[in-house]
Amino acid sequence: MSEAPRRIRVLGVLGLLTGVAVALVLLRPPGTAAIIHAVAVLSTALTAHVCFRMMRYPGLGPPSRAFWRRNLIAISTMTVAEICGLIAVREPAATGPGTLLRFLAATCFAWSLLRLSAHVDSGAQKVALGLDITTVTAGTMIILGHVVLADVMQAGAGIPPQTMGLLITSTVGIFLVTRLALGGGGLLPPRSLIAIGAGACAGGMVPPVGMLLLGWAPGTPGSEALLIGPLLANLGVGLTGRFQLADAGTAAAAGIPGTWRRMLPYASVVAVDVLLLARLHHDDDRLTLVTVGAVFLTGLVVARQIVAARESEVLDKRFRLLVQNSSDIISISDPEGRVTYCSPAIHRVLGLAASVAVGTRVADWSHPDQADDLRDCWTKTLSGPGASATCRIQVRNSAGEWRWIEIVTSNLLHEPSVGGILTNSRDVTETTLVQAKLSHEATHDALTGLANRALYTRRVEAAVVAGAPFSIALVDLDGFKNVNDTLGHAAGDALLIAVAERMTANVRASDTVARLGGDEFAILFDGLTGAPVDRVLNRIAEALLIPVAVQEKLISVRASFGVADADGGDVDELLHNADIAMYAAKVRGEGGHVRHRAGMSIQARHDTAGPLRTAIDDGQLVLHYQPVVTLPDGRPAGVEALVRWQHPERGLLGPGEFVPLAEETGLIVALGAWVLREAVRQTAAWSLDHGDAAPGTVAVNVSAAQLREDGFAAEVAAVLRDAGLPAARLCAEITESTAIGGGATAQNLTALRELGVRLSLDDFGTGAATLSTLAACPVDQIKLDRSFVDGPDAIPEAVIQLAHALGIEAVAEGIETPEQADRLARLGYELAQGYLFARPMPAAALSAWLPVASSHGPA
């Protein structure tokens, strides 16, 4: 059940009970006194329930709950008193335990009202408030006493006890009402003050007034009306709670007296002066001048005070408007951090009422993670008069969200006008988030979210200073440039993001993965060296081989890793060693990782590019040929041309040591052109020398850079024409990433097919999406990658079935054992290539091998 409907129902019952009592007084049915006593008991008990609910309401601050706790004590005492009255209905009200309990209840209630905090900031203001309350109370009582006692005193008779009781009760009632009117209550909004003030007047004034003016003594006819006062007081208390919850946001305004409230003391003085002047004709004429002069001087003093009060009011209003409309939350706290004042700006900033903050501790609102920061700030502030400090903490708002608040504290305990710790709090959430974003962008890669070069270098430097063992790895993606060139930069970016995610997923939280730029990454293995690092890098390499969906295609990449273990050197040396190892891994051409060893060095790339250009121009390149044979008999069906570099100093170099360099420097186009011409020339020569025993086809690897060259197909046609070799005997081997390129690549592939050149898809199953590739670029042959030869039958069987369905050839690469050959033959493969049949060999060696192969089967 919600709180609001429950309060509305309780108030309705209180109002109904009061109405019933009034009706009983007017109608006077038999047993009226007993019924009204029962109604009073029920009304008082319900009011005690209201006080209990308000005391436990979580939205109120500690001071408000303390106020309702005191009210609960007073109303509970009154409930017991009413029960006593109900038990002894015929007993006079002036005797018995009920009278004592009523007196105690009234005292507790008066104490609760007096404990309401007023909006005063200094001792002088408290004294001024006390003088104003005393002035109004005294002036009112002088006039009331004159009216009530004038005739009694003139007759020289004694003052009746009932009259004296009325004066005492009235004095207390007027004092309480004046206290609420002038001092207000920082805990209660205006409507609540009016309700509780009216209830206090009704409960305190109705019984004595009825007894004195109407002659209603307890037990006399009509005396039942005396019980209506407590019922009205109960209704006032219920309304007080209702209004406080409804108007909580305006509670701070309750203690700001209006002009009419400020005029109350002066009005009281003026009223007494008027009474004094009215009595002049009854007194000694010799006092007339003195009396008029005193009244005149009093009037001047009052006028002067009114002007001063007005000026003070303007200044006070200006200050309060500045505080209330400030974007900063202004609060005052005691040395323990308990809030004694909070400006209304807290509602705009955090959506909370100022009254909720009063009485709480500053630490109660802050995030636990900032407890130490707040404690340090408070300690600095308390170090001496005038000390100040600044800190930034998170505070939860009314919606449950954490907001960043910058607080500036000043020690003004020595200032009487403040007497506490002044705190200015400002919402800096947006600024903090922007600063955090800028800081993150300055140290992280915008595309992948990984650490950037600057942050990575700083962390490596910190690891070097720490002195604990660690390793670093530099990572370079093999063939990434082809992805950018064929699919565009958007696809390349998507691939980089996927690579970053897979690297991060395979390292520990304490390790750092960074993107240094382009397709270069780096990893810092904190406290890890040796074999554990090797295992992590192997996992990463395997994860990168899993195809990534990019633009409805599947792309996988290989990576080369260079590893360097910390050995006491500086950061630059460590990074240089890792770079040397990484380049060694790239030159090897197989991906994977290479660990730096003492004495390992490598020539600069620009130093190697020159000799490679010379090698192309001066004929240092040679071709080796590896046969492609039929299964199961092993008859030669074709050859694949593989380039080698006969280096004058280093001897025969494999393609892994110079082809990556050729791709990076652009020499791959010239290198590919030489390979094409030489392979076509040699195949034509074999046809003349060996006739039908010559290789049926020659496969030449064509790079993505060659296919992007305008007129490449025309160049191939010219080479075939010059050598006299039919186009059908040339097979252009391309990778899957090359096959999906657009623009000039697609035009050249189409032109090659129209020319009659066969297309072969190399390393099938390890690159881009095979099905989409075959649909977009029809080929004549697919070559099963060697990695699937030793695996389960599922993939080789699926590939051969796909080939049969599309009507194209399938070649199994990397066959090294008879068992592998037999197994693939059973699966349906008719062509194979591998060391079991022949290793790559020079043209002369292949010429010698051909007759043997045609006569005796596989070697």
# chains A, B, ... in the order shown; residues from 1 in each chain; ligands from 1
>>> residues_around(residues="A:Ala490", least_positions_apart="5", cutoff="10 Å", atoms="only C-alpha atoms", output="number ranges by chain")
A: 483-484, 495-496, 550-551
>>> residues_around(residues="A:His690", least_positions_apart="5", cutoff="10 Å", atoms="only C-alpha atoms", output="PyMOL selection string")
chain A and resi 685+695+847+850-851
>>> write_last_selection(atoms="all heavy atoms", output="PDB file, in the first residue's frame")
ATOM      1  N   ALA A 685      58.764 -24.615 -74.037  1.00  0.00           N
ATOM      2  CA  ALA A 685      59.969 -25.377 -74.402  1.00  0.00           C
ATOM      3  C   ALA A 685      59.778 -26.854 -74.079  1.00  0.00           C
ATOM      4  O   ALA A 685      60.187 -27.735 -74.847  1.00  0.00           O
ATOM      5  CB  ALA A 685      61.185 -24.811 -73.666  1.00  0.00           C
ATOM      6  N   PRO A 695      54.362 -31.255 -69.059  1.00  0.00           N
ATOM      7  CA  PRO A 695      53.288 -30.852 -68.144  1.00  0.00           C
ATOM      8  C   PRO A 695      52.131 -30.221 -68.909  1.00  0.00           C
ATOM      9  O   PRO A 695      52.341 -29.393 -69.804  1.00  0.00           O
ATOM     10  CB  PRO A 695      53.966 -29.842 -67.213  1.00  0.00           C
ATOM     11  CG  PRO A 695      55.433 -30.183 -67.283  1.00  0.00           C
ATOM     12  CD  PRO A 695      55.667 -30.667 -68.688  1.00  0.00           C
ATOM     13  N   SER A 847      62.896 -31.706 -66.259  1.00  0.00           N
ATOM     14  CA  SER A 847      62.985 -32.312 -67.595  1.00  0.00           C
ATOM     15  C   SER A 847      63.470 -33.745 -67.482  1.00  0.00           C
ATOM     16  O   SER A 847      62.991 -34.646 -68.179  1.00  0.00           O
ATOM     17  CB  SER A 847      63.931 -31.495 -68.479  1.00  0.00           C
ATOM     18  OG  SER A 847      63.409 -30.192 -68.686  1.00  0.00           O
ATOM     19  N   LEU A 850      60.562 -35.982 -65.969  1.00  0.00           N
ATOM     20  CA  LEU A 850      59.335 -36.221 -66.726  1.00  0.00           C
ATOM     21  C   LEU A 850      59.284 -37.608 -67.371  1.00  0.00           C
ATOM     22  O   LEU A 850      58.290 -38.337 -67.203  1.00  0.00           O
ATOM     23  CB  LEU A 850      59.147 -35.133 -67.792  1.00  0.00           C
ATOM     24  CG  LEU A 850      58.643 -33.789 -67.272  1.00  0.00           C
ATOM     25  CD1 LEU A 850      58.630 -32.751 -68.388  1.00  0.00           C
ATOM     26  CD2 LEU A 850      57.254 -33.952 -66.675  1.00  0.00           C
ATOM     27  N   PRO A 851      60.288 -38.042 -68.121  1.00  0.00           N
ATOM     28  CA  PRO A 851      60.172 -39.392 -68.708  1.00  0.00           C
ATOM     29  C   PRO A 851      60.019 -40.477 -67.649  1.00  0.00           C
ATOM     30  O   PRO A 851      59.273 -41.432 -67.829  1.00  0.00           O
ATOM     31  CB  PRO A 851      61.488 -39.545 -69.480  1.00  0.00           C
ATOM     32  CG  PRO A 851      61.925 -38.139 -69.759  1.00  0.00           C
ATOM     33  CD  PRO A 851      61.515 -37.360 -68.562  1.00  0.00           C
TER      34      PRO A 851
END
>>> atom_distance(atom1="atom CA of A:Val789", atom2="atom CA of A:Gly592")
19.8 Å
>>> closest_atom_pairs(of="stretch 424-518 of chain A", to="stretch 527-534 of chain A", cutoff="6 Å", atoms="only C-alpha atoms", output="JSON lines")
{"residue": "A:Pro469", "atom": "CA", "partner": "A:Gly527", "partner_atom": "CA", "distance": 5.1}
{"residue": "A:Phe470", "atom": "CA", "partner": "A:Gly527", "partner_atom": "CA", "distance": 4.5}
{"residue": "A:Ser471", "atom": "CA", "partner": "A:Thr529", "partner_atom": "CA", "distance": 5.4}
>>> write_last_selection(atoms="all heavy atoms", output="PDB file, in the first residue's frame")
ATOM      1  N   PRO A 469      60.570  -9.608 -14.116  1.00  0.00           N
ATOM      2  CA  PRO A 469      60.692 -10.161 -15.473  1.00  0.00           C
ATOM      3  C   PRO A 469      59.410  -9.941 -16.277  1.00  0.00           C
ATOM      4  O   PRO A 469      58.303 -10.027 -15.744  1.00  0.00           O
ATOM      5  CB  PRO A 469      60.944 -11.643 -15.233  1.00  0.00           C
ATOM      6  CG  PRO A 469      60.396 -11.903 -13.866  1.00  0.00           C
ATOM      7  CD  PRO A 469      60.598 -10.654 -13.082  1.00  0.00           C
ATOM      8  N   PHE A 470      59.554  -9.657 -17.551  1.00  0.00           N
ATOM      9  CA  PHE A 470      58.400  -9.498 -18.432  1.00  0.00           C
ATOM     10  C   PHE A 470      58.869  -9.666 -19.871  1.00  0.00           C
ATOM     11  O   PHE A 470      60.080  -9.711 -20.156  1.00  0.00           O
ATOM     12  CB  PHE A 470      57.736  -8.134 -18.238  1.00  0.00           C
ATOM     13  CG  PHE A 470      58.559  -6.968 -18.720  1.00  0.00           C
ATOM     14  CD1 PHE A 470      58.397  -6.449 -20.009  1.00  0.00           C
ATOM     15  CD2 PHE A 470      59.499  -6.376 -17.885  1.00  0.00           C
ATOM     16  CE1 PHE A 470      59.146  -5.381 -20.447  1.00  0.00           C
ATOM     17  CE2 PHE A 470      60.257  -5.302 -18.318  1.00  0.00           C
ATOM     18  CZ  PHE A 470      60.082  -4.804 -19.603  1.00  0.00           C
ATOM     19  N   SER A 471      57.925  -9.785 -20.774  1.00  0.00           N
ATOM     20  CA  SER A 471      58.221  -9.922 -22.207  1.00  0.00           C
ATOM     21  C   SER A 471      57.328  -8.975 -22.986  1.00  0.00           C
ATOM     22  O   SER A 471      56.238  -8.594 -22.529  1.00  0.00           O
ATOM     23  CB  SER A 471      57.972 -11.356 -22.681  1.00  0.00           C
ATOM     24  OG  SER A 471      58.822 -12.258 -22.020  1.00  0.00           O
TER      25      SER A 471
END
>>> atom_distance(atom1="atom CA of A:Asp618", atom2="atom CA of A:Leu661")
18.1 Å
>>> atom_distance(atom1="atom CA of A:Ala389", atom2="atom CA of A:Thr360")
20.6 Å
>>> residues_around(residues="stretch 712-720 of chain A", least_positions_apart="4", cutoff="7 Å", atoms="only C-alpha atoms", output="list of chain:residue names")
A:Arg677, A:Val680, A:Gln706, A:Leu707, A:Gly724, A:Leu725, A:Pro726, A:Ala727, A:Asn748, A:Ala751, A:Leu752
>>> closest_residue(among="A:Gly691, A:Pro660, A:Gly666, A:Gly634", to="A:Glu830", atoms="only C-alpha atoms")
A:Gly634
>>> closest_residue(among="A:Ser425, A:Pro547, A:Gly696, A:Leu450", to="A:Asp511", atoms="only C-alpha atoms")
A:Leu450
>>> residues_around(residues="A:Ile83", least_positions_apart="6", cutoff="8 Å", atoms="only C-alpha atoms", output="ChimeraX atom specification")
/A:37-38,41
>>> write_last_selection(atoms="C-alpha atoms", output="tab-separated table (two decimals), in the first residue's frame")
chain	number	residue	atom	x	y	z
A	37	HIS	CA	-14.71	10.53	25.18
A	38	ALA	CA	-14.60	7.36	23.05
A	41	VAL	CA	-9.64	8.24	22.43
>>> select_by_dssp(residues="stretch 676-723 of chain A", states="alpha helix (DSSP H)", output="number ranges by chain")
A: 676-690, 704-707, 712-723
>>> closest_atom_pairs(of="stretch 333-356 of chain A", to="stretch 62-76 of chain A", cutoff="10 Å", atoms="only C-alpha atoms", output="Markdown table")
| residue | atom | partner | partner_atom | distance |
| --- | --- | --- | --- | --- |
| A:Thr340 | CA | A:Pro63 | CA | 9.9 |
| A:Ser355 | CA | A:Ser64 | CA | 8.1 |
| A:Val356 | CA | A:Pro62 | CA | 8.2 |
>>> residues_around(residues="A:Asp579", least_positions_apart="3", cutoff="9 Å", atoms="only C-alpha atoms", output="ChimeraX atom specification")
/A:473-475,561-564,574-576,582-584,596
>>> select_by_dssp(residues="stretch 634-755 of chain A", states="strand (DSSP E)", output="ChimeraX atom specification")
/A:636-647,651-653,697-701,730-734
>>> residues_around(residues="stretch 227-243 of chain A", least_positions_apart="6", cutoff="9 Å", atoms="only C-alpha atoms", output="ChimeraX atom specification")
/A:4,7-8,10-11,14-15,17-18,21-22,25,36-37,39-40,43-44,46-48,50-51,54,68,71,75,188-207
>>> write_last_selection(atoms="N, CA and C atoms", output="short mmCIF file (atom, residue, chain, number, x, y, z; two decimals), in the first residue's frame")
data_model
loop_
_atom_site.label_atom_id
_atom_site.label_comp_id
_atom_site.auth_asym_id
_atom_site.auth_seq_id
_atom_site.Cartn_x
_atom_site.Cartn_y
_atom_site.Cartn_z
N ALA A 4 0.86 7.71 0.26
CA ALA A 4 -0.10 8.81 0.07
C ALA A 4 -1.53 8.39 0.33
N ARG A 7 -2.18 8.08 4.10
CA ARG A 7 -2.29 9.37 4.82
C ARG A 7 -3.64 10.00 4.56
N ILE A 8 -4.11 9.93 3.32
CA ILE A 8 -5.40 10.54 2.99
C ILE A 8 -6.52 9.87 3.76
N VAL A 10 -6.31 8.27 6.72
CA VAL A 10 -6.20 8.62 8.14
C VAL A 10 -6.74 10.02 8.38
N LEU A 11 -6.39 10.96 7.50
CA LEU A 11 -6.90 12.33 7.66
C LEU A 11 -8.41 12.36 7.53
N LEU A 14 -9.84 11.22 10.79
CA LEU A 14 -9.72 12.27 11.80
C LEU A 14 -10.76 13.36 11.60
N GLY A 15 -10.95 13.77 10.35
CA GLY A 15 -11.97 14.79 10.06
C GLY A 15 -13.37 14.29 10.39
N LEU A 17 -14.19 11.99 12.63
CA LEU A 17 -14.36 11.94 14.07
C LEU A 17 -14.62 13.32 14.66
N THR A 18 -13.93 14.32 14.15
CA THR A 18 -14.16 15.69 14.64
C THR A 18 -15.58 16.13 14.30
N ALA A 21 -18.03 14.55 16.69
CA ALA A 21 -18.02 15.19 18.00
C ALA A 21 -18.82 16.49 17.99
N VAL A 22 -18.61 17.31 16.92
CA VAL A 22 -19.35 18.57 16.82
C VAL A 22 -20.85 18.29 16.75
N VAL A 25 -22.21 17.43 20.14
CA VAL A 25 -22.35 18.59 21.02
C VAL A 25 -23.61 19.38 20.69
N ILE A 36 -18.36 11.05 23.22
CA ILE A 36 -17.31 11.98 22.80
C ILE A 36 -15.96 11.55 23.38
N HIS A 37 -15.96 11.04 24.61
CA HIS A 37 -14.71 10.53 25.18
C HIS A 37 -14.16 9.39 24.34
N VAL A 39 -14.77 8.86 21.14
CA VAL A 39 -14.30 9.45 19.88
C VAL A 39 -12.94 10.11 20.09
N ALA A 40 -12.76 10.78 21.23
CA ALA A 40 -11.48 11.44 21.51
C ALA A 40 -10.35 10.42 21.64
N SER A 43 -9.53 9.26 18.11
CA SER A 43 -8.85 10.32 17.37
C SER A 43 -7.40 10.48 17.83
N THR A 44 -7.19 10.46 19.13
CA THR A 44 -5.83 10.63 19.65
C THR A 44 -4.94 9.44 19.28
N LEU A 46 -5.28 7.55 16.59
CA LEU A 46 -4.94 7.69 15.16
C LEU A 46 -3.86 8.74 14.96
N THR A 47 -3.92 9.82 15.74
CA THR A 47 -2.90 10.86 15.62
C THR A 47 -1.53 10.32 16.05
N ALA A 48 -1.52 9.49 17.08
CA ALA A 48 -0.26 8.86 17.48
C ALA A 48 0.28 7.97 16.37
N VAL A 50 -0.19 8.53 13.17
CA VAL A 50 0.38 9.45 12.18
C VAL A 50 1.81 9.84 12.59
N CYS A 51 2.00 10.17 13.86
CA CYS A 51 3.33 10.56 14.34
C CYS A 51 4.33 9.41 14.16
N MET A 54 5.24 9.12 10.47
CA MET A 54 6.13 10.22 10.06
C MET A 54 7.53 10.02 10.64
N TRP A 68 9.01 14.52 15.07
CA TRP A 68 7.84 13.65 15.12
C TRP A 68 7.96 12.62 16.25
N ASN A 71 6.62 14.49 19.15
CA ASN A 71 5.16 14.55 19.04
C ASN A 71 4.51 13.21 19.40
N ILE A 75 1.54 12.83 22.06
CA ILE A 75 0.22 12.33 21.67
C ILE A 75 -0.07 10.99 22.34
N LEU A 188 9.61 22.55 8.71
CA LEU A 188 8.22 22.50 8.27
C LEU A 188 7.96 23.55 7.20
N PRO A 189 7.19 23.19 6.15
CA PRO A 189 6.77 24.17 5.15
C PRO A 189 5.67 25.06 5.73
N PRO A 190 5.33 26.16 5.05
CA PRO A 190 4.36 27.13 5.61
C PRO A 190 3.03 26.51 5.99
N ARG A 191 2.46 25.66 5.13
CA ARG A 191 1.15 25.10 5.45
C ARG A 191 1.19 24.23 6.70
N SER A 192 2.30 23.53 6.90
CA SER A 192 2.43 22.71 8.10
C SER A 192 2.50 23.58 9.35
N LEU A 193 3.19 24.73 9.26
CA LEU A 193 3.27 25.63 10.40
C LEU A 193 1.88 26.16 10.77
N ILE A 194 1.12 26.53 9.75
CA ILE A 194 -0.23 27.04 10.00
C ILE A 194 -1.09 25.95 10.66
N ALA A 195 -0.99 24.71 10.14
CA ALA A 195 -1.81 23.63 10.67
C ALA A 195 -1.47 23.32 12.12
N ILE A 196 -0.19 23.24 12.44
CA ILE A 196 0.17 22.87 13.80
C ILE A 196 -0.07 24.03 14.76
N GLY A 197 0.10 25.29 14.25
CA GLY A 197 -0.21 26.45 15.08
C GLY A 197 -1.69 26.52 15.41
N ALA A 198 -2.53 26.29 14.40
CA ALA A 198 -3.98 26.30 14.64
C ALA A 198 -4.38 25.19 15.59
N GLY A 199 -3.75 24.01 15.44
CA GLY A 199 -4.05 22.91 16.34
C GLY A 199 -3.65 23.22 17.77
N ALA A 200 -2.48 23.86 17.92
CA ALA A 200 -2.04 24.23 19.27
C ALA A 200 -3.00 25.21 19.92
N CYS A 201 -3.45 26.22 19.14
CA CYS A 201 -4.40 27.20 19.67
C CYS A 201 -5.72 26.52 20.07
N ALA A 202 -6.21 25.64 19.19
CA ALA A 202 -7.49 25.00 19.46
C ALA A 202 -7.39 24.12 20.70
N GLY A 203 -6.32 23.32 20.79
CA GLY A 203 -6.20 22.44 21.93
C GLY A 203 -5.94 23.17 23.23
N GLY A 204 -5.21 24.29 23.18
CA GLY A 204 -4.85 24.98 24.40
C GLY A 204 -5.83 26.03 24.85
N MET A 205 -6.58 26.64 23.90
CA MET A 205 -7.42 27.80 24.23
C MET A 205 -8.89 27.45 24.40
N VAL A 206 -9.39 26.43 23.68
CA VAL A 206 -10.83 26.14 23.75
C VAL A 206 -11.29 25.77 25.16
N PRO A 207 -10.63 24.86 25.87
CA PRO A 207 -11.11 24.51 27.21
C PRO A 207 -11.12 25.67 28.19
#
>>> residues_around(residues="A:Ser366", least_positions_apart="4", cutoff="10 Å", atoms="only C-alpha atoms", output="PyMOL selection string")
chain A and resi 361-362+370-371+374+392-396+402-405
